[in-house]
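> Here you go, protein.cif (mmCIF, N, CA, C and O atoms):
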data_input
loop_
_atom_site.label_atom_id
_atom_site.label_comp_id
_atom_site.auth_asym_id
_atom_site.auth_seq_id
_atom_site.Cartn_x
_atom_site.Cartn_y
_atom_site.Cartn_z
N MET J 1495 87.46 97.58 99.00
CA MET J 1495 88.24 96.49 98.42
C MET J 1495 87.53 95.17 98.74
O MET J 1495 87.12 94.92 99.85
N ASP J 1496 87.44 94.35 97.76
CA ASP J 1496 86.79 93.06 97.91
C ASP J 1496 87.65 92.12 98.76
O ASP J 1496 88.86 92.00 98.54
N SER J 1497 87.04 91.46 99.75
CA SER J 1497 87.82 90.60 100.65
C SER J 1497 88.42 89.41 99.94
O SER J 1497 89.51 88.95 100.28
N LEU J 1498 87.72 88.88 98.93
CA LEU J 1498 88.27 87.76 98.17
C LEU J 1498 89.52 88.19 97.41
O LEU J 1498 90.50 87.45 97.35
N TYR J 1499 89.51 89.41 96.89
CA TYR J 1499 90.68 89.93 96.20
C TYR J 1499 91.86 90.05 97.16
O TYR J 1499 92.99 89.73 96.82
N LEU J 1500 91.58 90.50 98.39
CA LEU J 1500 92.64 90.62 99.41
C LEU J 1500 93.29 89.26 99.66
O LEU J 1500 94.51 89.16 99.76
N LEU J 1501 92.48 88.22 99.76
CA LEU J 1501 93.02 86.88 100.00
C LEU J 1501 93.82 86.39 98.80
O LEU J 1501 94.89 85.81 98.95
N GLU J 1502 93.28 86.59 97.61
CA GLU J 1502 93.97 86.11 96.42
C GLU J 1502 95.26 86.88 96.16
O GLU J 1502 96.22 86.32 95.63
N SER J 1503 95.29 88.16 96.51
CA SER J 1503 96.48 88.96 96.23
C SER J 1503 97.54 88.84 97.32
O SER J 1503 98.65 89.32 97.15
N ASN J 1504 97.21 88.22 98.43
CA ASN J 1504 98.16 88.09 99.53
C ASN J 1504 98.24 86.63 99.98
O ASN J 1504 97.48 86.20 100.85
N PRO J 1505 99.17 85.86 99.40
CA PRO J 1505 99.25 84.44 99.75
C PRO J 1505 99.58 84.19 101.22
O PRO J 1505 99.21 83.16 101.76
N ALA J 1506 100.25 85.12 101.89
CA ALA J 1506 100.58 84.93 103.31
C ALA J 1506 99.31 84.94 104.15
O ALA J 1506 99.18 84.15 105.10
N VAL J 1507 98.37 85.81 103.82
CA VAL J 1507 97.10 85.85 104.55
C VAL J 1507 96.34 84.55 104.30
O VAL J 1507 95.78 83.95 105.23
N MET J 1508 96.33 84.10 103.06
CA MET J 1508 95.64 82.85 102.72
C MET J 1508 96.28 81.68 103.47
O MET J 1508 95.58 80.86 104.04
N ALA J 1509 97.60 81.63 103.50
CA ALA J 1509 98.29 80.55 104.22
C ALA J 1509 97.98 80.62 105.71
O ALA J 1509 97.81 79.59 106.37
N GLY J 1510 97.90 81.83 106.27
CA GLY J 1510 97.56 81.99 107.68
C GLY J 1510 96.17 81.47 107.99
O GLY J 1510 95.96 80.80 109.00
N LEU J 1511 95.22 81.77 107.12
CA LEU J 1511 93.86 81.26 107.31
C LEU J 1511 93.82 79.75 107.19
O LEU J 1511 93.13 79.08 107.96
N PHE J 1512 94.57 79.22 106.25
CA PHE J 1512 94.64 77.77 106.11
C PHE J 1512 95.29 77.14 107.34
O PHE J 1512 94.89 76.07 107.78
N PHE J 1513 96.29 77.82 107.92
CA PHE J 1513 96.93 77.31 109.13
C PHE J 1513 95.93 77.22 110.28
O PHE J 1513 95.86 76.21 110.98
N VAL J 1514 95.14 78.28 110.47
CA VAL J 1514 94.15 78.29 111.55
C VAL J 1514 93.13 77.18 111.34
O VAL J 1514 92.80 76.44 112.28
N PHE J 1515 92.65 77.05 110.11
CA PHE J 1515 91.69 75.99 109.81
C PHE J 1515 92.32 74.61 110.06
O PHE J 1515 91.70 73.73 110.67
N GLY J 1516 93.56 74.42 109.61
CA GLY J 1516 94.25 73.15 109.81
C GLY J 1516 94.49 72.84 111.27
O GLY J 1516 94.39 71.69 111.69
N ALA J 1517 94.80 73.86 112.07
CA ALA J 1517 95.00 73.64 113.51
C ALA J 1517 93.69 73.20 114.17
O ALA J 1517 93.70 72.34 115.07
N CYS J 1518 92.57 73.74 113.71
CA CYS J 1518 91.26 73.30 114.23
C CYS J 1518 90.99 71.85 113.84
O CYS J 1518 90.49 71.07 114.66
N ILE J 1519 91.34 71.48 112.62
CA ILE J 1519 91.20 70.09 112.19
C ILE J 1519 92.11 69.20 113.05
O ILE J 1519 91.72 68.11 113.48
N GLY J 1520 93.32 69.67 113.33
CA GLY J 1520 94.24 68.93 114.20
C GLY J 1520 93.69 68.74 115.59
O GLY J 1520 93.87 67.69 116.21
N SER J 1521 92.98 69.74 116.10
CA SER J 1521 92.37 69.62 117.42
C SER J 1521 91.31 68.52 117.40
O SER J 1521 91.22 67.72 118.34
N PHE J 1522 90.52 68.47 116.33
CA PHE J 1522 89.52 67.41 116.21
C PHE J 1522 90.20 66.04 116.06
O PHE J 1522 89.73 65.05 116.63
N LEU J 1523 91.30 65.99 115.34
CA LEU J 1523 92.05 64.73 115.21
C LEU J 1523 92.54 64.25 116.58
O LEU J 1523 92.54 63.05 116.86
N ASN J 1524 92.95 65.19 117.43
CA ASN J 1524 93.35 64.82 118.79
C ASN J 1524 92.20 64.17 119.55
O ASN J 1524 92.41 63.20 120.28
N VAL J 1525 91.00 64.69 119.37
CA VAL J 1525 89.83 64.10 120.02
C VAL J 1525 89.66 62.66 119.55
O VAL J 1525 89.47 61.74 120.35
N LEU J 1526 89.75 62.46 118.24
CA LEU J 1526 89.59 61.12 117.69
C LEU J 1526 90.70 60.18 118.17
O LEU J 1526 90.43 59.04 118.55
N LEU J 1527 91.94 60.67 118.16
CA LEU J 1527 93.07 59.85 118.59
C LEU J 1527 92.98 59.45 120.05
O LEU J 1527 93.44 58.38 120.45
N TYR J 1528 92.38 60.27 120.87
CA TYR J 1528 92.26 59.99 122.30
C TYR J 1528 91.05 59.09 122.60
O TYR J 1528 91.15 58.15 123.39
N ARG J 1529 89.92 59.38 121.97
CA ARG J 1529 88.68 58.72 122.37
C ARG J 1529 88.39 57.40 121.65
O ARG J 1529 87.86 56.48 122.27
N ILE J 1530 88.69 57.30 120.38
CA ILE J 1530 88.34 56.09 119.63
C ILE J 1530 89.02 54.85 120.21
O ILE J 1530 88.36 53.83 120.41
N PRO J 1531 90.34 54.87 120.50
CA PRO J 1531 90.95 53.65 121.07
C PRO J 1531 90.34 53.23 122.40
O PRO J 1531 90.36 52.05 122.75
N GLN J 1532 89.77 54.18 123.14
CA GLN J 1532 89.15 53.87 124.43
C GLN J 1532 87.69 53.47 124.27
O GLN J 1532 87.03 53.14 125.25
N GLY J 1533 87.17 53.53 123.05
CA GLY J 1533 85.78 53.19 122.80
C GLY J 1533 84.81 54.23 123.35
O GLY J 1533 83.65 53.93 123.61
N ARG J 1534 85.28 55.47 123.50
CA ARG J 1534 84.45 56.54 124.04
C ARG J 1534 83.71 57.27 122.94
O ARG J 1534 84.16 57.32 121.80
N GLU J 1535 82.60 57.86 123.29
CA GLU J 1535 81.81 58.70 122.38
C GLU J 1535 82.64 59.92 122.01
O GLU J 1535 83.25 60.56 122.86
N TRP J 1536 82.68 60.27 120.73
CA TRP J 1536 83.51 61.39 120.31
C TRP J 1536 82.72 62.53 119.71
O TRP J 1536 83.30 63.55 119.33
N VAL J 1537 81.40 62.40 119.64
CA VAL J 1537 80.59 63.48 119.07
C VAL J 1537 79.88 64.28 120.15
O VAL J 1537 79.97 65.49 120.19
N LYS J 1538 79.18 63.59 121.03
CA LYS J 1538 78.30 64.28 121.98
C LYS J 1538 78.97 64.64 123.30
O LYS J 1538 78.52 65.55 123.99
N THR J 1539 80.01 63.95 123.66
CA THR J 1539 80.66 64.17 124.96
C THR J 1539 81.55 65.40 124.91
O THR J 1539 82.43 65.50 124.06
N PRO J 1540 81.37 66.36 125.82
CA PRO J 1540 82.24 67.54 125.82
C PRO J 1540 83.66 67.18 126.28
O PRO J 1540 83.86 66.20 127.00
N SER J 1541 84.61 67.98 125.88
CA SER J 1541 86.00 67.76 126.27
C SER J 1541 86.19 68.02 127.75
O SER J 1541 85.59 68.93 128.32
N ALA J 1542 87.04 67.20 128.37
CA ALA J 1542 87.32 67.33 129.80
C ALA J 1542 88.77 66.95 130.06
O ALA J 1542 89.40 66.25 129.27
N CYS J 1543 89.30 67.40 131.17
CA CYS J 1543 90.66 67.04 131.58
C CYS J 1543 90.69 65.54 131.85
O CYS J 1543 89.85 65.02 132.58
N PRO J 1544 91.66 64.82 131.26
CA PRO J 1544 91.73 63.38 131.52
C PRO J 1544 92.10 63.04 132.96
O PRO J 1544 91.83 61.95 133.43
N LYS J 1545 92.70 63.97 133.68
CA LYS J 1545 93.12 63.71 135.06
C LYS J 1545 91.99 64.00 136.06
O LYS J 1545 91.62 63.15 136.85
N CYS J 1546 91.45 65.23 136.04
CA CYS J 1546 90.44 65.61 137.04
C CYS J 1546 89.01 65.50 136.52
O CYS J 1546 88.08 65.55 137.31
N GLY J 1547 88.84 65.38 135.20
CA GLY J 1547 87.51 65.23 134.63
C GLY J 1547 86.72 66.52 134.50
O GLY J 1547 85.56 66.49 134.07
N HIS J 1548 87.30 67.66 134.84
CA HIS J 1548 86.60 68.93 134.75
C HIS J 1548 86.35 69.26 133.29
O HIS J 1548 87.24 69.16 132.45
N ALA J 1549 85.11 69.66 132.98
CA ALA J 1549 84.77 70.06 131.60
C ALA J 1549 85.59 71.28 131.21
O ALA J 1549 85.74 72.22 132.01
N LEU J 1550 86.11 71.27 129.99
CA LEU J 1550 86.93 72.37 129.51
C LEU J 1550 86.05 73.45 128.89
O LEU J 1550 85.07 73.15 128.21
N SER J 1551 86.41 74.70 129.12
CA SER J 1551 85.66 75.81 128.55
C SER J 1551 86.16 76.07 127.13
O SER J 1551 87.17 75.53 126.70
N ALA J 1552 85.45 76.93 126.41
CA ALA J 1552 85.86 77.28 125.05
C ALA J 1552 87.26 77.88 125.03
O ALA J 1552 88.04 77.63 124.11
N ALA J 1553 87.60 78.66 126.04
CA ALA J 1553 88.93 79.26 126.11
C ALA J 1553 90.03 78.21 126.27
O ALA J 1553 91.17 78.45 125.89
N ASP J 1554 89.68 77.07 126.83
CA ASP J 1554 90.66 76.00 127.02
C ASP J 1554 90.87 75.17 125.75
O ASP J 1554 91.75 74.32 125.72
N LEU J 1555 90.06 75.40 124.75
CA LEU J 1555 90.08 74.56 123.55
C LEU J 1555 90.62 75.26 122.31
O LEU J 1555 90.51 74.72 121.21
N ILE J 1556 91.22 76.43 122.46
CA ILE J 1556 91.79 77.12 121.30
C ILE J 1556 93.08 76.39 120.92
O ILE J 1556 94.00 76.29 121.73
N PRO J 1557 93.13 75.87 119.68
CA PRO J 1557 94.30 75.09 119.28
C PRO J 1557 95.62 75.85 119.49
O PRO J 1557 95.71 77.03 119.18
N ILE J 1558 96.59 75.17 120.01
CA ILE J 1558 97.97 75.63 120.25
C ILE J 1558 98.03 76.73 121.30
O ILE J 1558 98.80 76.63 122.27
N VAL J 1559 97.22 77.76 121.16
CA VAL J 1559 97.27 78.94 122.04
C VAL J 1559 96.95 78.57 123.49
O VAL J 1559 97.66 78.99 124.40
N SER J 1560 95.89 77.81 123.70
CA SER J 1560 95.50 77.45 125.07
C SER J 1560 96.58 76.66 125.77
O SER J 1560 96.90 76.90 126.93
N TRP J 1561 97.15 75.69 125.05
CA TRP J 1561 98.20 74.87 125.65
C TRP J 1561 99.39 75.75 126.04
O TRP J 1561 99.94 75.61 127.14
N ALA J 1562 99.79 76.65 125.16
CA ALA J 1562 100.94 77.52 125.45
C ALA J 1562 100.61 78.49 126.59
O ALA J 1562 101.44 78.70 127.49
N PHE J 1563 99.42 79.08 126.56
CA PHE J 1563 99.03 80.04 127.60
C PHE J 1563 99.01 79.39 128.98
O PHE J 1563 99.40 79.99 129.98
N LEU J 1564 98.54 78.14 129.04
CA LEU J 1564 98.45 77.42 130.31
C LEU J 1564 99.74 76.67 130.64
O LEU J 1564 99.80 75.92 131.61
N ARG J 1565 100.76 76.86 129.80
CA ARG J 1565 102.08 76.24 129.98
C ARG J 1565 101.98 74.72 130.08
O ARG J 1565 102.67 74.09 130.88
N GLY J 1566 101.10 74.14 129.25
CA GLY J 1566 100.99 72.69 129.17
C GLY J 1566 100.38 72.04 130.40
O GLY J 1566 100.68 70.89 130.69
N ARG J 1567 99.52 72.77 131.09
CA ARG J 1567 98.88 72.23 132.29
C ARG J 1567 97.38 72.48 132.26
O ARG J 1567 96.92 73.42 131.63
N CYS J 1568 96.65 71.64 132.96
CA CYS J 1568 95.20 71.81 133.09
C CYS J 1568 94.93 73.07 133.90
O CYS J 1568 95.58 73.31 134.92
N ARG J 1569 93.98 73.87 133.46
CA ARG J 1569 93.62 75.10 134.16
C ARG J 1569 93.07 74.81 135.56
O ARG J 1569 93.21 75.61 136.48
N TYR J 1570 92.48 73.65 135.75
CA TYR J 1570 91.74 73.36 136.97
C TYR J 1570 92.54 72.56 138.00
O TYR J 1570 92.51 72.87 139.18
N CYS J 1571 93.27 71.53 137.56
CA CYS J 1571 94.01 70.71 138.53
C CYS J 1571 95.53 70.86 138.37
O CYS J 1571 96.28 70.27 139.14
N ARG J 1572 95.96 71.61 137.36
CA ARG J 1572 97.39 71.87 137.09
C ARG J 1572 98.16 70.61 136.69
O ARG J 1572 99.39 70.61 136.69
N ALA J 1573 97.47 69.54 136.34
CA ALA J 1573 98.14 68.32 135.86
C ALA J 1573 98.75 68.61 134.48
O ALA J 1573 98.19 69.38 133.69
N PRO J 1574 99.90 68.01 134.16
CA PRO J 1574 100.50 68.25 132.86
C PRO J 1574 99.64 67.70 131.72
O PRO J 1574 99.00 66.66 131.86
N VAL J 1575 99.63 68.43 130.62
CA VAL J 1575 98.92 68.02 129.41
C VAL J 1575 99.98 67.66 128.38
O VAL J 1575 100.95 68.40 128.17
N SER J 1576 99.81 66.53 127.73
CA SER J 1576 100.80 66.01 126.80
C SER J 1576 101.14 67.01 125.69
O SER J 1576 100.28 67.75 125.21
N LYS J 1577 102.41 67.00 125.28
CA LYS J 1577 102.87 67.86 124.19
C LYS J 1577 102.33 67.40 122.84
O LYS J 1577 102.42 68.13 121.86
N LYS J 1578 101.78 66.18 122.79
CA LYS J 1578 101.28 65.68 121.52
C LYS J 1578 100.12 66.52 121.00
O LYS J 1578 99.93 66.65 119.81
N TYR J 1579 99.34 67.13 121.90
CA TYR J 1579 98.20 67.92 121.46
C TYR J 1579 98.62 69.12 120.61
O TYR J 1579 98.15 69.27 119.48
N PRO J 1580 99.50 70.00 121.09
CA PRO J 1580 99.90 71.11 120.23
C PRO J 1580 100.75 70.66 119.04
O PRO J 1580 100.74 71.32 117.99
N LEU J 1581 101.46 69.55 119.18
CA LEU J 1581 102.25 69.06 118.04
C LEU J 1581 101.36 68.60 116.89
O LEU J 1581 101.63 68.92 115.73
N VAL J 1582 100.30 67.87 117.21
CA VAL J 1582 99.36 67.43 116.16
C VAL J 1582 98.67 68.64 115.54
O VAL J 1582 98.52 68.74 114.32
N GLU J 1583 98.26 69.60 116.37
CA GLU J 1583 97.60 70.81 115.86
C GLU J 1583 98.54 71.62 114.98
O GLU J 1583 98.14 72.10 113.91
N THR J 1584 99.78 71.77 115.40
CA THR J 1584 100.76 72.52 114.61
C THR J 1584 101.08 71.82 113.30
O THR J 1584 101.13 72.46 112.24
N ALA J 1585 101.28 70.52 113.35
CA ALA J 1585 101.58 69.76 112.13
C ALA J 1585 100.42 69.84 111.14
O ALA J 1585 100.62 70.04 109.94
N SER J 1586 99.22 69.73 111.64
CA SER J 1586 98.04 69.83 110.79
C SER J 1586 97.92 71.24 110.22
O SER J 1586 97.66 71.42 109.02
N GLY J 1587 98.12 72.24 111.05
CA GLY J 1587 98.07 73.63 110.59
C GLY J 1587 99.11 73.93 109.53
O GLY J 1587 98.81 74.57 108.51
N LEU J 1588 100.33 73.46 109.75
CA LEU J 1588 101.39 73.68 108.75
C LEU J 1588 101.10 72.96 107.45
O LEU J 1588 101.33 73.50 106.36
N SER J 1589 100.56 71.75 107.54
CA SER J 1589 100.20 71.00 106.33
C SER J 1589 99.16 71.75 105.52
O SER J 1589 99.28 71.88 104.30
N PHE J 1590 98.13 72.26 106.20
CA PHE J 1590 97.09 73.02 105.51
C PHE J 1590 97.65 74.31 104.93
O PHE J 1590 97.30 74.71 103.82
N ALA J 1591 98.53 74.99 105.68
CA ALA J 1591 99.11 76.26 105.21
C ALA J 1591 99.96 76.03 103.96
O ALA J 1591 99.88 76.79 102.99
N ILE J 1592 100.74 74.96 103.95
CA ILE J 1592 101.58 74.66 102.79
C ILE J 1592 100.70 74.33 101.58
O ILE J 1592 100.94 74.82 100.47
N LEU J 1593 99.67 73.52 101.80
CA LEU J 1593 98.75 73.21 100.70
C LEU J 1593 98.05 74.46 100.20
O LEU J 1593 97.91 74.65 98.99
N GLY J 1594 97.61 75.30 101.11
CA GLY J 1594 96.96 76.55 100.71
C GLY J 1594 97.90 77.45 99.93
O GLY J 1594 97.50 78.08 98.94
N TRP J 1595 99.14 77.52 100.35
CA TRP J 1595 100.15 78.33 99.66
C TRP J 1595 100.38 77.80 98.25
O TRP J 1595 100.47 78.57 97.30
N LEU J 1596 100.48 76.48 98.14
CA LEU J 1596 100.74 75.87 96.83
C LEU J 1596 99.54 75.96 95.89
O LEU J 1596 99.70 76.15 94.69
N ILE J 1597 98.34 75.83 96.43
CA ILE J 1597 97.14 75.83 95.59
C ILE J 1597 96.78 77.25 95.15
O ILE J 1597 96.41 77.46 93.99
N PHE J 1598 96.90 78.20 96.05
CA PHE J 1598 96.48 79.56 95.71
C PHE J 1598 97.67 80.45 95.45
O PHE J 1598 97.61 81.53 95.09
#
As structure tokens, please, write out the structure in this file.


Amino acid sequence: MDSLYLLESNPAVMAGLFFVFGACIGSFLNVLLYRIPQGREWVKTPSACPKCGHALSAADLIPIVSWAFLRGRCRYCRAPVSKKYPLVETASGLSFAILGWLIF
């Protein structure tokens, strides 16, 4: 079975893929929202905990999932991480999923 046919014939799968893509875009928007007002570099600088400064691993950067798995705390210093991060990722993911559902 052709994978494109599977996506076209199942709008829920397409919406799910759009949600994941949108959540990743939301994660990047969080980077911009945090760094640009501070005048910080947003392309080359790796993500780090704002409290302890420890560089975050790839597992710490999975949109929505990492925040929930770590219960809204830094893996390294256990400082609380703002709820705005998963909220922006979720809102972006839902927006993309709705657009994907409507378009396809």

> List the neighbours of Pro1574 of chain J out to 8 Å using only N, CA, C and O atoms; skip same-chain residues closer than 2 positions along the sequence, and give me the result as a PyMOL selection string.

chain J and resi 1544-1545+1564-1568+1571-1572+1576-1577

> Please measure the separation of atom CA of Tyr1570 of chain J and atom CA of Ile1530 of chain J, giving the value in Å to one decimal.

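We find that atom CA of Tyr1570 of chain J and atom CA of Ile1530 of chain J lie 24.7 Å from each other.
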
> Care to translate the PyMOL selection byres ((chain J and resi 1509-1513) around 7) into actual residues of this file, as a list in words?

Leu1501, Asn1504, Pro1505, Ala1506, Val1507, Met1508, Val1514, Phe1515, Gly1516, Ala1517, Cys1518, Ile1519, Glu1583, Thr1584, Ser1586, Gly1587, Leu1588, Ser1589, Phe1590, Ala1591, Ile1592, Gly1594 and Trp1595 of chain J

> For the point (83.2, 63.1, 124.4) in file coordinates, what residues are within 12 Å, counting only C-alpha atoms? Give the answer as a PyMOL selection string?

chain J and resi 1522+1524-1530+1532-1544+1547+1549-1550

> Work out how far apart atom N of Leu1593 of chain J and atom O of Leu1581 of chain J are and give it in Å to one decimal.

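Taking atom N of Leu1593 of chain J and atom O of Leu1581 of chain J, their separation equals 14.8 Å.
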
> Determine which residues of chain J DSSP labels as helix (DSSP H, G or I) from the backbone of this structure, then write them out as an MDAnalysis selection string.

chainID J and resid 1497:1503 1505:1532 1552:1555 1559:1563 1578:1597

> Would you please work out which residue, of J:Phe1563, J:Cys1546, J:Phe1598, J:Val1582, is nearest to Ser1521 of chain J when using only N, CA, C and O atoms?

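Going through J:Phe1563, J:Cys1546, J:Phe1598, J:Val1582 one by one, the smallest distance to Ser1521 of chain J is for J:Val1582.
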
> Expressed in Å to a single decimal, how great is the separation between atom O of Lys1578 of chain J and atom N of Gly1520 of chain J?

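Here the two named atoms are 9.7 Å from each other.
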